[in-house]
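Novice: Starting off with a structure, shown below.
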Amino acid sequence: MRVIVCDSHEEIARLGADMIEEIMKSKKDAVLGLATGSTPVNMYSELIRRYEAGELDFSCVRSVNLDEYYPIAPDNDQSYRYFMNKNLFDHVNIDKANTYVPDGLCEDTDAFCASYEAKIAELGGIDIQVLGIGGNGHIAFNEPAEALEPLTHLTDLTPETIAANSRFFESEADVPRRALTMGMGSILNARKILLLATGAAKADAIATLCAGKLTTSCPASLLNLHDDVTVICDRAAAAGLQA
Ligand code: PGA
């Protein structure tokens, strides 16, 4: 695992965008695994800036998102589909038909989850998966638990995650209680993983991840099974790492 500690959020955005740019330059129809949350927003803005400067072309790019609340409509301003449109897709020349976010309105969730895995396979797998990390070590909506799911599934949000995400809603009661999420295996199948983390609230989770052991009480620690993981974080998130 490569760990890069940055002095500014701009530097995190730039280095993250460099990794995505490198893949897009080597493969026009790259499959980008994307994440929501506050952490990757600056990196998406940097990708938009590079697109506007004529440095990046998204016309053949495909994308697959990690997760979506359930149930939620795509035009709800708290949905992850809405987030991706607003923070990236609406500002670059990606064909929205080539962007996949779990369907927060699907009726048969088991069938949908199986079809999402089939879609990832049909796209040829994910070239680079962008990840944030929860303060409790969750990855996407894979929350700490005795057992973790390997593939895309419907899951309950933990009280901690409901509380953390309530900042985006009018009240905690408005936060959906369930979500559709890729599983740990779906994530580990990506060819490359880029995890971004900022702020002191992530320090314990980053320390557990970087300790190199596997524990389902910190789902991110399973990334130690992957041989191409880059963690880019700020000094606050790196505070628990040995110098
Ligand atoms: P954040 O969320 O980027 O908003 O901190 C990350 C996560 O919970 O996975």
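Residues are named by chain letter and number: chains run A, B, ... in the order of the structure tokens, numbers start at 1 in each chain, and ligands are numbered from 1 in the order shown.
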Please report, as CSV, each residue of chain A lying at most 9 Å from ligand 1, together with the nearest pair of atoms and the separation in Å rounded to one decimal; use only C-alpha atoms and all ligand atoms, and order rows by chain and ascending residue number.

Specialist:
residue,atom,partner,partner_atom_place_in_ligand_line,distance
A:Ala35,CA,ligand 1,9 (O),7.9
A:Thr36,CA,ligand 1,3 (O),6.8
A:Gly37,CA,ligand 1,4 (O),3.5
A:Ser38,CA,ligand 1,4 (O),3.9
A:Thr39,CA,ligand 1,3 (O),3.7
A:Pro40,CA,ligand 1,3 (O),6.5
A:Val41,CA,ligand 1,3 (O),8.3
A:Leu131,CA,ligand 1,9 (O),6.9
A:Gly132,CA,ligand 1,9 (O),4.3
A:Ile133,CA,ligand 1,9 (O),4.0
A:Gly134,CA,ligand 1,8 (O),3.9
A:Gly135,CA,ligand 1,8 (O),7.0
A:Asn136,CA,ligand 1,8 (O),8.6
A:Gly137,CA,ligand 1,9 (O),8.2
A:His138,CA,ligand 1,9 (O),6.3
A:Ile139,CA,ligand 1,9 (O),5.5
A:Ala140,CA,ligand 1,9 (O),5.4
A:Phe141,CA,ligand 1,9 (O),7.3
A:Thr161,CA,ligand 1,8 (O),7.2
A:Ala164,CA,ligand 1,8 (O),7.8
A:Asn165,CA,ligand 1,4 (O),7.5
A:Leu196,CA,ligand 1,3 (O),8.0
A:Ala197,CA,ligand 1,3 (O),7.1
A:Thr198,CA,ligand 1,5 (O),7.4
A:Gly199,CA,ligand 1,5 (O),8.4
A:Ala201,CA,ligand 1,5 (O),8.6
A:Lys202,CA,ligand 1,5 (O),8.0

Novice: Just want the 10 Å neighbourhood of Ala173 of chain A, counted on only C-alpha atoms, with same-chain residues fewer than 4 positions away dropped. Output as a list in words.

Specialist: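 Listed by chain and then number, they are Ile162, Ala163, Ser166, Phe169 and Arg177 of chain A.
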
Novice: Counting only C-alpha atoms, figure out which residue out of A:Asp127, A:Asp174, A:Glu68, A:Glu107 gets nearest to Leu32 of chain A.

Specialist: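 Among the listed residues, the smallest separation from Leu32 of chain A belongs to A:Asp127.
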
Novice: Which one of A:Leu195, A:Cys113, A:Val5, A:Leu56 sits closest to Glu21 of chain A if you count only C-alpha atoms?

Specialist: A:Leu56

Novice: Write out as a list of chain:residue names the residues lying within 12 Å of Ala200 of chain A, counting only C-alpha atoms and excluding same-chain residues fewer than 5 positions away.

Specialist: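 Final neighbour list, sorted by chain and number: A:Gly134, A:Gly135, A:Ala205, A:Ile206, A:Ala207, A:Cys233, A:Asp234, A:Arg235, A:Ala236, A:Ala237, A:Ala238, A:Ala239, A:Gly240.
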
Novice: Of the candidates A:Ser186, A:Met1, A:Tyr80, A:His91, which shows the shortest atom-to-atom distance to His226 of chain A, using only C-alpha atoms?

Specialist: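 For His226 of chain A, the nearest of the given residues is A:Met1.
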